[in-house]
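See structure below.
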Amino acid sequence: MTGVFLAGLRFQAVILRRSPAELMALLSTPLFTLAFAAIVVHAGALDLTPYAIVGPTVIAVWTMALNVSGDIVDSERHNGTFEPSLATPASLIVLVLGRITTVTLVSLLSLLESALIVRLAFGIAVHIAHPSLFAITIFLTAAAMAGTATAFSAIFVLARSARTFQNSLSYPIYLLSGAMIPPALLPGWLRPATRVVFLSWSTGLMRDALRAAPAPDVPGRLAVIAVLGVLGYVAGLWLLSSVLRRMRAAGTVGYA
């Protein structure tokens, strides 16, 4: 299992190196950062700078994970390698998880991009007031994202075109994750939905880690990210296993 996972990591790294288009989210991160930071600076609300840094990072991480979870299926079908992949002894689920993990780790570079843009464009230095909290939050977020994207890949296997689902899932998650605005500013009927999106907890903790003030209820919030990540991973394993088993039985592996 470990060998398959590492093979997925290496394979996706090669794809990213040879296909720069896969890194498009990293190219858009500076633009999002400039827009968010300009609003904060011109409003004179420099205490909201963490929003201008964390927001674009969350957008990039979600975009890249969502895209690769769908493109794995679409590209394999297009190349005619999806059926042979299922016929090998190696677990396709573990391979998919490895590939998604690579993309998630690479997408975290957007955090450095955002901090650098804020520094160069507006002269605002970014200090991590609580480095341990920040590191733990980043780790749990990356793990939860890999598990959640694996769950989505099961849905994409059933779709004739994963792109439709990718486009539909982008902006609702941007909103519910608090990447653009704090969940507390959303309509009351919509706020409960943010509690089941692990990114809303991640964004809050990352912003708190950048502030000097003590972060409230750290253990509980970290636990929520971990639990939601595990649930996403378990759901992904179960969904993808069930879908692939049904497709094998029905002889519909090559199409939805």
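Please note that chains go A, B, ... in the order of the structure tokens, that every chain numbers its residues from 1, and that ligands are numbered from 1 in the order shown.
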
key: Residue neighbourhood A:Arg119, 12 Å, only C-alpha atoms, exclusion window fewer than 3 positions, as a ChimeraX atom specification   = /A:30,33-34,37,49,52-53,112-116,122-127

message = List the spatial neighbours of A:Pro56 as JSON, numbers by chain - criterion: any atom at most 12 Å away, only C-alpha atoms, same-chain residues fewer than 5 positions off excluded.
response = {"A": [25, 26, 27, 28, 29, 30, 31, 32, 33, 34, 35, 36, 37, 49, 50, 51, 61, 62, 63, 107, 108, 109, 110, 111, 112, 113, 114, 115, 117, 118, 174, 177, 178, 179, 180, 181, 203]}

Only N, CA, C and O atoms, please: the residues just picked out, written as a CSV table (one decimal), in the first residue's frame.
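After the write, result.csv holds the following:
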chain,number,residue,atom,x,y,z
A,25,ALA,N,-3.7,27.5,-10.7
A,25,ALA,CA,-4.2,28.1,-9.5
A,25,ALA,C,-3.1,28.9,-8.8
A,25,ALA,O,-3.4,29.9,-8.2
A,26,LEU,N,-1.8,28.4,-8.9
A,26,LEU,CA,-0.7,29.2,-8.3
A,26,LEU,C,-0.5,30.5,-9.0
A,26,LEU,O,0.0,31.4,-8.4
A,27,LEU,N,-0.8,30.5,-10.3
A,27,LEU,CA,-0.6,31.7,-11.1
A,27,LEU,C,-1.7,32.8,-10.8
A,27,LEU,O,-1.4,34.0,-10.8
A,28,SER,N,-2.8,32.3,-10.4
A,28,SER,CA,-3.9,33.2,-10.0
A,28,SER,C,-3.9,33.7,-8.6
A,28,SER,O,-4.5,34.7,-8.2
A,29,THR,N,-3.1,33.0,-7.7
A,29,THR,CA,-3.0,33.4,-6.3
A,29,THR,C,-2.5,34.8,-6.1
A,29,THR,O,-3.1,35.6,-5.3
A,30,PRO,N,-1.5,35.3,-6.8
A,30,PRO,CA,-1.0,36.7,-6.6
A,30,PRO,C,-2.1,37.7,-7.0
A,30,PRO,O,-2.2,38.8,-6.3
A,31,LEU,N,-3.0,37.4,-8.0
A,31,LEU,CA,-4.0,38.3,-8.4
A,31,LEU,C,-5.1,38.4,-7.3
A,31,LEU,O,-5.6,39.5,-6.9
A,32,PHE,N,-5.5,37.2,-6.7
A,32,PHE,CA,-6.4,37.2,-5.6
A,32,PHE,C,-5.9,38.0,-4.4
A,32,PHE,O,-6.6,38.8,-3.8
A,33,THR,N,-4.6,37.8,-4.2
A,33,THR,CA,-4.0,38.4,-3.0
A,33,THR,C,-3.9,40.0,-3.2
A,33,THR,O,-4.2,40.7,-2.3
A,34,LEU,N,-3.6,40.4,-4.4
A,34,LEU,CA,-3.6,41.9,-4.7
A,34,LEU,C,-5.0,42.5,-4.5
A,34,LEU,O,-5.1,43.5,-3.9
A,35,ALA,N,-6.0,41.8,-4.9
A,35,ALA,CA,-7.4,42.3,-4.8
A,35,ALA,C,-7.8,42.3,-3.3
A,35,ALA,O,-8.3,43.4,-2.9
A,36,PHE,N,-7.6,41.3,-2.6
A,36,PHE,CA,-8.0,41.2,-1.2
A,36,PHE,C,-7.2,42.2,-0.4
A,36,PHE,O,-7.7,43.0,0.5
A,37,ALA,N,-5.8,42.3,-0.6
A,37,ALA,CA,-5.0,43.2,0.2
A,37,ALA,C,-5.3,44.6,-0.1
A,37,ALA,O,-5.2,45.5,0.8
A,49,THR,N,-5.3,41.9,7.5
A,49,THR,CA,-4.4,41.4,6.6
A,49,THR,C,-4.3,39.9,6.5
A,49,THR,O,-4.2,39.3,5.4
A,50,PRO,N,-4.5,39.2,7.6
A,50,PRO,CA,-4.6,37.7,7.5
A,50,PRO,C,-5.6,37.2,6.6
A,50,PRO,O,-5.4,36.1,6.0
A,51,TYR,N,-6.7,37.9,6.4
A,51,TYR,CA,-7.7,37.5,5.4
A,51,TYR,C,-7.2,37.6,4.0
A,51,TYR,O,-7.5,36.7,3.2
A,61,VAL,N,-5.7,25.9,-2.8
A,61,VAL,CA,-5.7,24.5,-2.3
A,61,VAL,C,-6.9,23.8,-2.7
A,61,VAL,O,-6.8,22.7,-3.2
A,62,TRP,N,-8.1,24.4,-2.6
A,62,TRP,CA,-9.3,23.8,-3.0
A,62,TRP,C,-9.4,23.6,-4.5
A,62,TRP,O,-9.8,22.5,-5.0
A,63,THR,N,-9.0,24.6,-5.2
A,63,THR,CA,-9.1,24.5,-6.7
A,63,THR,C,-8.2,23.4,-7.3
A,63,THR,O,-8.6,22.6,-8.1
A,107,SER,N,0.1,22.9,-3.7
A,107,SER,CA,-0.8,24.0,-3.6
A,107,SER,C,-0.5,24.9,-2.4
A,107,SER,O,-0.9,26.1,-2.4
A,108,LEU,N,0.1,24.3,-1.4
A,108,LEU,CA,0.4,25.1,-0.2
A,108,LEU,C,1.5,26.2,-0.4
A,108,LEU,O,1.6,27.1,0.4
A,109,LEU,N,2.1,26.1,-1.6
A,109,LEU,CA,3.1,27.1,-2.0
A,109,LEU,C,2.4,28.5,-2.1
A,109,LEU,O,3.0,29.5,-2.1
A,110,SER,N,1.0,28.4,-2.4
A,110,SER,CA,0.3,29.6,-2.5
A,110,SER,C,0.3,30.5,-1.3
A,110,SER,O,0.2,31.7,-1.3
A,111,LEU,N,0.5,29.9,-0.1
A,111,LEU,CA,0.7,30.7,1.1
A,111,LEU,C,1.9,31.5,1.1
A,111,LEU,O,1.9,32.7,1.5
A,112,LEU,N,3.0,31.0,0.6
A,112,LEU,CA,4.2,31.8,0.5
A,112,LEU,C,4.0,32.9,-0.5
A,112,LEU,O,4.5,34.0,-0.4
A,113,GLU,N,3.3,32.6,-1.6
A,113,GLU,CA,3.1,33.6,-2.6
A,113,GLU,C,2.3,34.7,-2.1
A,113,GLU,O,2.7,35.9,-2.3
A,114,SER,N,1.2,34.5,-1.3
A,114,SER,CA,0.4,35.5,-0.8
A,114,SER,C,1.2,36.4,0.2
A,114,SER,O,1.1,37.6,0.1
A,115,ALA,N,2.0,35.8,1.1
A,115,ALA,CA,2.8,36.5,2.0
A,115,ALA,C,3.8,37.4,1.3
A,115,ALA,O,4.0,38.6,1.7
A,117,ILE,N,3.6,38.6,-1.9
A,117,ILE,CA,2.9,39.7,-2.6
A,117,ILE,C,2.5,40.8,-1.6
A,117,ILE,O,2.7,42.0,-2.0
A,118,VAL,N,2.0,40.5,-0.5
A,118,VAL,CA,1.6,41.5,0.5
A,118,VAL,C,2.8,42.3,0.9
A,118,VAL,O,2.8,43.5,1.1
A,174,TYR,N,-15.8,28.3,-1.8
A,174,TYR,CA,-15.1,29.5,-1.5
A,174,TYR,C,-15.9,30.3,-0.5
A,174,TYR,O,-15.3,30.9,0.4
A,177,SER,N,-16.3,28.3,3.0
A,177,SER,CA,-15.0,28.1,3.7
A,177,SER,C,-14.5,29.4,4.4
A,177,SER,O,-13.6,29.3,5.2
A,178,GLY,N,-15.2,30.5,4.1
A,178,GLY,CA,-14.7,31.8,4.7
A,178,GLY,C,-13.5,32.3,4.0
A,178,GLY,O,-12.9,33.3,4.6
A,179,ALA,N,-13.2,31.8,2.9
A,179,ALA,CA,-12.0,32.3,2.1
A,179,ALA,C,-12.2,33.8,1.7
A,179,ALA,O,-11.3,34.6,1.6
A,180,MET,N,-13.5,34.1,1.4
A,180,MET,CA,-13.7,35.5,0.9
A,180,MET,C,-14.2,36.4,2.0
A,180,MET,O,-13.8,37.5,2.2
A,181,ILE,N,-15.2,35.9,2.8
A,181,ILE,CA,-15.7,36.7,3.9
A,181,ILE,C,-15.9,35.8,5.1
A,181,ILE,O,-16.1,34.6,4.9
A,203,THR,N,-9.5,27.9,7.9
A,203,THR,CA,-9.2,29.4,7.7
A,203,THR,C,-9.2,30.2,8.9
A,203,THR,O,-8.4,31.0,9.2

message = List the spatial neighbours of A:Gly8 as a ChimeraX atom specification - criterion: any atom at most 6 Å away, only C-alpha atoms, same-chain residues fewer than 6 positions off excluded.
response = /A:95,98-99

Could you turn the residues from that selection into a file that holds C-alpha atoms, as a short mmCIF file (atom, residue, chain, number, x, y, z; two decimals), in the first residue's frame?
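Here's the written file out_34.cif:
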data_model
loop_
_atom_site.label_atom_id
_atom_site.label_comp_id
_atom_site.auth_asym_id
_atom_site.auth_seq_id
_atom_site.Cartn_x
_atom_site.Cartn_y
_atom_site.Cartn_z
CA LEU A 95 -2.92 5.66 -6.15
CA GLY A 98 -1.18 9.70 -3.53
CA ARG A 99 -1.71 11.86 -6.59
#

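Surrounding stretch 11-17 of chain A within 10 Å are Phe5, Leu6, Ala7, Gly8, Pro20, Ala21, Glu22, Leu23, Val68, Ile72, Leu95, Val96, Gly98, Arg99, Ile100, Thr101, Thr102, Val103 and Val106 of chain A, with only C-alpha atoms counted and residues fewer than 3 positions along the same chain left out.
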
Can you write just those residues out, C-alpha atoms, as an mmCIF file, in the first residue's frame?
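Output below, filename out-v3.cif:
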data_model
loop_
_atom_site.group_PDB
_atom_site.id
_atom_site.type_symbol
_atom_site.label_atom_id
_atom_site.label_comp_id
_atom_site.auth_asym_id
_atom_site.auth_seq_id
_atom_site.Cartn_x
_atom_site.Cartn_y
_atom_site.Cartn_z
ATOM 1 C CA PHE A 5 0.920 5.652 -2.426
ATOM 2 C CA LEU A 6 4.512 6.786 -3.028
ATOM 3 C CA ALA A 7 4.200 5.828 -6.691
ATOM 4 C CA GLY A 8 1.145 8.086 -6.904
ATOM 5 C CA PRO A 20 2.554 23.689 -16.158
ATOM 6 C CA ALA A 21 -1.153 24.236 -16.865
ATOM 7 C CA GLU A 22 -1.867 22.038 -13.833
ATOM 8 C CA LEU A 23 -0.396 24.838 -11.697
ATOM 9 C CA VAL A 68 -6.895 16.864 -10.023
ATOM 10 C CA ILE A 72 -7.407 11.863 -12.922
ATOM 11 C CA LEU A 95 -2.918 5.657 -6.154
ATOM 12 C CA VAL A 96 -5.541 8.405 -6.439
ATOM 13 C CA GLY A 98 -1.185 9.696 -3.531
ATOM 14 C CA ARG A 99 -1.711 11.856 -6.593
ATOM 15 C CA ILE A 100 -4.120 14.149 -4.786
ATOM 16 C CA THR A 101 -1.728 14.445 -1.836
ATOM 17 C CA THR A 102 1.038 15.656 -4.157
ATOM 18 C CA VAL A 103 -1.184 18.363 -5.585
ATOM 19 C CA VAL A 106 2.243 21.789 -3.949
#

request  = Do a neighbour search on A:Val234 at 9 Å with only C-alpha atoms, toss out local chain neighbours closer than 3 positions, and write the hits as a ChimeraX atom specification.
outcome  = /A:147-148,151,229-231,237-239

message = For the alpha helix (DSSP H) assignment from backbone DSSP, which residues of stretch 106-240 of chain A qualify? Please present them as a PyMOL selection string.
response = chain A and resi 106-107+109-122+131-158+162-176+191-194+198-210+218-240

message = Just checking: using only C-alpha atoms, which residue out of A:Ala142, A:Ile136, A:Ala65, A:Ser153 ends up closest to A:Leu244?
response =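 Among the listed residues, A:Ser153 lies closest to A:Leu244.
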
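Coordinates place atom CA of A:Ser168 at a distance of 27.8 Å from atom CA of A:Arg221.
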
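In terms of minimum interatomic distance to A:Leu222, A:Leu133 ranks closest within A:Ser242, A:Leu133, A:Leu186, A:Tyr171, counting only C-alpha atoms.
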
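When only C-alpha atoms are used to compute distances to A:Gly232, the closest of the residues A:Ser91, A:Thr2, A:Thr141, A:Thr150 turns out to be A:Thr150.
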
query = From the list A:Ala149, A:Arg10, A:Gly55, A:Arg207, which residue is nearest A:Gln166 when using only C-alpha atoms?
reply =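 Closest to A:Gln166, using only C-alpha atoms: A:Ala149.
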